[in-house]
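What follows is a short report on a single structure.
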Amino acid sequence: MRRNFVLHYETTIAAAHRLTKDVYTKKCAEHTHGHSLRIVFTIVTTKLDETDMVIDFGKLKDLAHQYDHRNLNDFFENPTSEVLAKHLAEEVFKMLPDAEYIGVTVWESDHSRVRYEIRNDDLTRLLNTCKQLDESLRRKETSQ
Ligand SMILES: [Zn+2]
């Protein structure tokens, strides 16, 4: 039997970009232009933090909104929705290394979206737990 928390958080940002790969010559490569990007975070986890939350929704909002009304080319070499989705998922993973699943969907229009997924398997989670234990032991040793 499996028991999880499944968190969803959705927000929308407005951001500019221009795709820069020479091999891509369509509309998004011509001029810097704006998109209204709907970003959906999905997190599956069995663990809650010290406040009994999966994660404070505000942290996810801040993560997405650092790109609101910004030019994504200032942050990413070739800012496709795929690149943004992957980056956001990796940032969530840094905050929640024990989460079983992290998915970030970036909607570029009403008809097109992309999702990047991190499936944290049992072995990876076990290794993370070992690393955390190791770190807390080391902290204890140095504080004595
Ligand atoms: Zn575009």
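The chains in the structure tokens are called A, B, ... from first to last as shown; in each chain the residues are counted from 1, and the ligands are counted from 1 in the order shown.
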Quiz prompt | Exercise answer, 9 Å around ligand 1 with only C-alpha atoms and all ligand atoms, as a PyMOL selection string | solution = chain A and resi 16-19+27-29+31-35+79-81+108
Practice problem: Extract, using only C-alpha atoms, all DNA, RNA and protein residues at most 7 Å from stretch 89-102 of chain A, discarding same-chain residues fewer than 2 positions from it, and format them as a list in words. | Solution: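 What passes the distance filter is Thr42, Ile43, Val44, Thr45, Ala85, Lys86, His87, Val104, Tyr116, Glu117, Ile118, Arg119, Asn120, Asp121, Arg125 and Asn128 of chain A.
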Quiz prompt | A:Lys61 environment, 9 Å, only C-alpha atoms, sequence neighbours closer than 3 positions dropped, as a ChimeraX atom specification | solution = /A:9-11,57-58,64-66
Could you save those same residues with C-alpha atoms as an mmCIF file, in the first residue's frame?
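Saved result, again_3.cif, follows:
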data_model
loop_
_atom_site.group_PDB
_atom_site.id
_atom_site.type_symbol
_atom_site.label_atom_id
_atom_site.label_comp_id
_atom_site.auth_asym_id
_atom_site.auth_seq_id
_atom_site.Cartn_x
_atom_site.Cartn_y
_atom_site.Cartn_z
ATOM 1 C CA TYR A 9 0.617 24.632 -7.551
ATOM 2 C CA GLU A 10 -0.207 26.716 -10.600
ATOM 3 C CA THR A 11 0.840 30.221 -11.467
ATOM 4 C CA PHE A 57 3.299 27.335 -1.838
ATOM 5 C CA GLY A 58 5.005 30.724 -1.558
ATOM 6 C CA ALA A 64 8.498 30.889 -10.833
ATOM 7 C CA HIS A 65 8.033 34.615 -10.344
ATOM 8 C CA GLN A 66 11.734 35.415 -10.382
#
Quiz item: Expressed in Å to a single decimal, how great is the separation between atom CA of A:Phe5 and atom CA of A:Leu127?
Solution: 21.5 Å
Quiz item: Between A:Leu48, A:Leu126, A:Val40, A:Val106, which has the minimum distance to A:Glu82 (counting only C-alpha atoms)?
Solution: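 Counting only C-alpha atoms, the residue closest to A:Glu82 is A:Val106.
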Exercise. Run DSSP on the backbone and give me the residues of chain A it puts in helix (DSSP H, G or I), as a PyMOL selection string.
Key: chain A and resi 27-30+57-65+72-74+81-95+122-143
Assign secondary structure with DSSP using the backbone only, and return the residues of chain A in strand (DSSP E) as a PDB file with N, CA and C atoms, in the first residue's frame.
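Wrote it out as part-v4.pdb, contents follow:
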ATOM      1  N   PHE A   5       1.359  12.353  -0.308  1.00  0.00           N
ATOM      2  CA  PHE A   5       0.761  13.669  -0.535  1.00  0.00           C
ATOM      3  C   PHE A   5       1.043  14.029  -1.991  1.00  0.00           C
ATOM      4  N   VAL A   6       0.047  14.608  -2.667  1.00  0.00           N
ATOM      5  CA  VAL A   6       0.233  15.085  -4.040  1.00  0.00           C
ATOM      6  C   VAL A   6      -0.100  16.577  -4.045  1.00  0.00           C
ATOM      7  N   LEU A   7       0.910  17.370  -4.242  1.00  0.00           N
ATOM      8  CA  LEU A   7       0.722  18.823  -4.236  1.00  0.00           C
ATOM      9  C   LEU A   7       0.714  19.352  -5.664  1.00  0.00           C
ATOM     10  N   HIS A   8      -0.205  20.272  -5.927  1.00  0.00           N
ATOM     11  CA  HIS A   8      -0.213  20.987  -7.208  1.00  0.00           C
ATOM     12  C   HIS A   8      -0.170  22.473  -6.910  1.00  0.00           C
ATOM     13  N   TYR A   9       0.629  23.169  -7.654  1.00  0.00           N
ATOM     14  CA  TYR A   9       0.617  24.632  -7.551  1.00  0.00           C
ATOM     15  C   TYR A   9       0.709  25.197  -8.966  1.00  0.00           C
ATOM     16  N   GLU A  10      -0.182  26.115  -9.261  1.00  0.00           N
ATOM     17  CA  GLU A  10      -0.207  26.716 -10.600  1.00  0.00           C
ATOM     18  C   GLU A  10      -0.034  28.215 -10.484  1.00  0.00           C
ATOM     19  N   THR A  11       0.709  28.765 -11.403  1.00  0.00           N
ATOM     20  CA  THR A  11       0.840  30.221 -11.467  1.00  0.00           C
ATOM     21  C   THR A  11       1.122  30.627 -12.909  1.00  0.00           C
ATOM     22  N   THR A  12       0.975  31.899 -13.181  1.00  0.00           N
ATOM     23  CA  THR A  12       1.226  32.389 -14.537  1.00  0.00           C
ATOM     24  C   THR A  12       2.228  33.530 -14.470  1.00  0.00           C
ATOM     25  N   ILE A  13       3.179  33.488 -15.381  1.00  0.00           N
ATOM     26  CA  ILE A  13       4.125  34.601 -15.485  1.00  0.00           C
ATOM     27  C   ILE A  13       4.133  35.093 -16.928  1.00  0.00           C
ATOM     28  N   ALA A  14       4.552  36.334 -17.092  1.00  0.00           N
ATOM     29  CA  ALA A  14       4.770  36.873 -18.433  1.00  0.00           C
ATOM     30  C   ALA A  14       6.273  36.994 -18.613  1.00  0.00           C
ATOM     31  N   ALA A  15       6.778  36.452 -19.700  1.00  0.00           N
ATOM     32  CA  ALA A  15       8.230  36.507 -19.900  1.00  0.00           C
ATOM     33  C   ALA A  15       8.548  36.632 -21.380  1.00  0.00           C
ATOM     34  N   ALA A  16       9.689  37.250 -21.638  1.00  0.00           N
ATOM     35  CA  ALA A  16      10.145  37.419 -23.022  1.00  0.00           C
ATOM     36  C   ALA A  16      11.208  36.372 -23.337  1.00  0.00           C
ATOM     37  N   HIS A  17      11.326  36.043 -24.600  1.00  0.00           N
ATOM     38  CA  HIS A  17      12.435  35.191 -25.022  1.00  0.00           C
ATOM     39  C   HIS A  17      12.648  35.303 -26.533  1.00  0.00           C
ATOM     40  N   HIS A  33      10.180  38.357 -28.003  1.00  0.00           N
ATOM     41  CA  HIS A  33       8.728  38.512 -27.898  1.00  0.00           C
ATOM     42  C   HIS A  33       8.269  37.917 -26.571  1.00  0.00           C
ATOM     43  N   GLY A  34       7.018  38.146 -26.255  1.00  0.00           N
ATOM     44  CA  GLY A  34       6.529  37.697 -24.957  1.00  0.00           C
ATOM     45  C   GLY A  34       5.595  36.507 -25.035  1.00  0.00           C
ATOM     46  N   HIS A  35       5.591  35.743 -23.961  1.00  0.00           N
ATOM     47  CA  HIS A  35       4.621  34.655 -23.779  1.00  0.00           C
ATOM     48  C   HIS A  35       4.031  34.794 -22.396  1.00  0.00           C
ATOM     49  N   SER A  36       2.761  34.413 -22.294  1.00  0.00           N
ATOM     50  CA  SER A  36       2.175  34.256 -20.978  1.00  0.00           C
ATOM     51  C   SER A  36       2.352  32.775 -20.655  1.00  0.00           C
ATOM     52  N   LEU A  37       3.165  32.474 -19.668  1.00  0.00           N
ATOM     53  CA  LEU A  37       3.514  31.076 -19.378  1.00  0.00           C
ATOM     54  C   LEU A  37       2.775  30.610 -18.128  1.00  0.00           C
ATOM     55  N   ARG A  38       1.990  29.571 -18.298  1.00  0.00           N
ATOM     56  CA  ARG A  38       1.337  28.961 -17.135  1.00  0.00           C
ATOM     57  C   ARG A  38       2.261  27.853 -16.636  1.00  0.00           C
ATOM     58  N   ILE A  39       2.584  27.909 -15.374  1.00  0.00           N
ATOM     59  CA  ILE A  39       3.536  26.939 -14.814  1.00  0.00           C
ATOM     60  C   ILE A  39       2.820  26.125 -13.745  1.00  0.00           C
ATOM     61  N   VAL A  40       2.887  24.814 -13.880  1.00  0.00           N
ATOM     62  CA  VAL A  40       2.214  23.928 -12.930  1.00  0.00           C
ATOM     63  C   VAL A  40       3.256  23.013 -12.286  1.00  0.00           C
ATOM     64  N   PHE A  41       3.325  23.090 -10.986  1.00  0.00           N
ATOM     65  CA  PHE A  41       4.225  22.207 -10.232  1.00  0.00           C
ATOM     66  C   PHE A  41       3.408  21.041  -9.674  1.00  0.00           C
ATOM     67  N   THR A  42       3.934  19.848  -9.763  1.00  0.00           N
ATOM     68  CA  THR A  42       3.330  18.685  -9.119  1.00  0.00           C
ATOM     69  C   THR A  42       4.416  17.994  -8.291  1.00  0.00           C
ATOM     70  N   ILE A  43       4.101  17.761  -7.046  1.00  0.00           N
ATOM     71  CA  ILE A  43       5.078  17.103  -6.166  1.00  0.00           C
ATOM     72  C   ILE A  43       4.386  15.945  -5.453  1.00  0.00           C
ATOM     73  N   VAL A  44       5.004  14.787  -5.478  1.00  0.00           N
ATOM     74  CA  VAL A  44       4.497  13.627  -4.744  1.00  0.00           C
ATOM     75  C   VAL A  44       5.531  13.275  -3.681  1.00  0.00           C
ATOM     76  N   THR A  45       5.071  13.177  -2.458  1.00  0.00           N
ATOM     77  CA  THR A  45       6.012  12.872  -1.387  1.00  0.00           C
ATOM     78  C   THR A  45       5.278  12.205  -0.226  1.00  0.00           C
ATOM     79  N   ARG A  70      10.525  39.276 -17.085  1.00  0.00           N
ATOM     80  CA  ARG A  70      11.958  39.277 -17.369  1.00  0.00           C
ATOM     81  C   ARG A  70      12.178  38.687 -18.752  1.00  0.00           C
ATOM     82  N   ASN A  71      13.394  38.943 -19.266  1.00  0.00           N
ATOM     83  CA  ASN A  71      13.791  38.335 -20.524  1.00  0.00           C
ATOM     84  C   ASN A  71      14.508  37.020 -20.188  1.00  0.00           C
ATOM     85  N   TYR A 101       8.394  12.317  -6.583  1.00  0.00           N
ATOM     86  CA  TYR A 101       8.138  12.753  -7.954  1.00  0.00           C
ATOM     87  C   TYR A 101       8.047  14.272  -7.976  1.00  0.00           C
ATOM     88  N   ILE A 102       8.689  14.865  -8.948  1.00  0.00           N
ATOM     89  CA  ILE A 102       8.548  16.305  -9.175  1.00  0.00           C
ATOM     90  C   ILE A 102       8.283  16.490 -10.658  1.00  0.00           C
ATOM     91  N   GLY A 103       7.190  17.165 -10.970  1.00  0.00           N
ATOM     92  CA  GLY A 103       6.879  17.462 -12.369  1.00  0.00           C
ATOM     93  C   GLY A 103       6.624  18.947 -12.509  1.00  0.00           C
ATOM     94  N   VAL A 104       7.181  19.536 -13.535  1.00  0.00           N
ATOM     95  CA  VAL A 104       6.896  20.946 -13.823  1.00  0.00           C
ATOM     96  C   VAL A 104       6.418  21.033 -15.265  1.00  0.00           C
ATOM     97  N   THR A 105       5.198  21.541 -15.420  1.00  0.00           N
ATOM     98  CA  THR A 105       4.624  21.725 -16.753  1.00  0.00           C
ATOM     99  C   THR A 105       4.640  23.204 -17.087  1.00  0.00           C
ATOM    100  N   VAL A 106       5.144  23.526 -18.244  1.00  0.00           N
ATOM    101  CA  VAL A 106       5.115  24.905 -18.729  1.00  0.00           C
ATOM    102  C   VAL A 106       4.186  24.954 -19.932  1.00  0.00           C
ATOM    103  N   TRP A 107       3.112  25.718 -19.787  1.00  0.00           N
ATOM    104  CA  TRP A 107       2.161  25.925 -20.889  1.00  0.00           C
ATOM    105  C   TRP A 107       2.603  27.170 -21.642  1.00  0.00           C
ATOM    106  N   ARG A 113       2.102  22.533 -24.348  1.00  0.00           N
ATOM    107  CA  ARG A 113       2.752  22.507 -23.038  1.00  0.00           C
ATOM    108  C   ARG A 113       3.819  21.427 -23.047  1.00  0.00           C
ATOM    109  N   VAL A 114       4.731  21.553 -22.094  1.00  0.00           N
ATOM    110  CA  VAL A 114       5.766  20.533 -21.935  1.00  0.00           C
ATOM    111  C   VAL A 114       5.963  20.306 -20.450  1.00  0.00           C
ATOM    112  N   ARG A 115       6.253  19.061 -20.097  1.00  0.00           N
ATOM    113  CA  ARG A 115       6.493  18.740 -18.684  1.00  0.00           C
ATOM    114  C   ARG A 115       7.839  18.058 -18.534  1.00  0.00           C
ATOM    115  N   TYR A 116       8.587  18.487 -17.515  1.00  0.00           N
ATOM    116  CA  TYR A 116       9.821  17.810 -17.155  1.00  0.00           C
ATOM    117  C   TYR A 116       9.567  17.076 -15.843  1.00  0.00           C
ATOM    118  N   GLU A 117       9.992  15.820 -15.778  1.00  0.00           N
ATOM    119  CA  GLU A 117       9.693  14.997 -14.602  1.00  0.00           C
ATOM    120  C   GLU A 117      10.980  14.458 -13.976  1.00  0.00           C
ATOM    121  N   ILE A 118      10.993  14.494 -12.677  1.00  0.00           N
ATOM    122  CA  ILE A 118      12.068  13.819 -11.938  1.00  0.00           C
ATOM    123  C   ILE A 118      11.405  12.731 -11.101  1.00  0.00           C
ATOM    124  N   ARG A 119      11.730  11.498 -11.410  1.00  0.00           N
ATOM    125  CA  ARG A 119      11.219  10.373 -10.617  1.00  0.00           C
ATOM    126  C   ARG A 119      12.363   9.887  -9.742  1.00  0.00           C
TER     127      ARG A 119
END
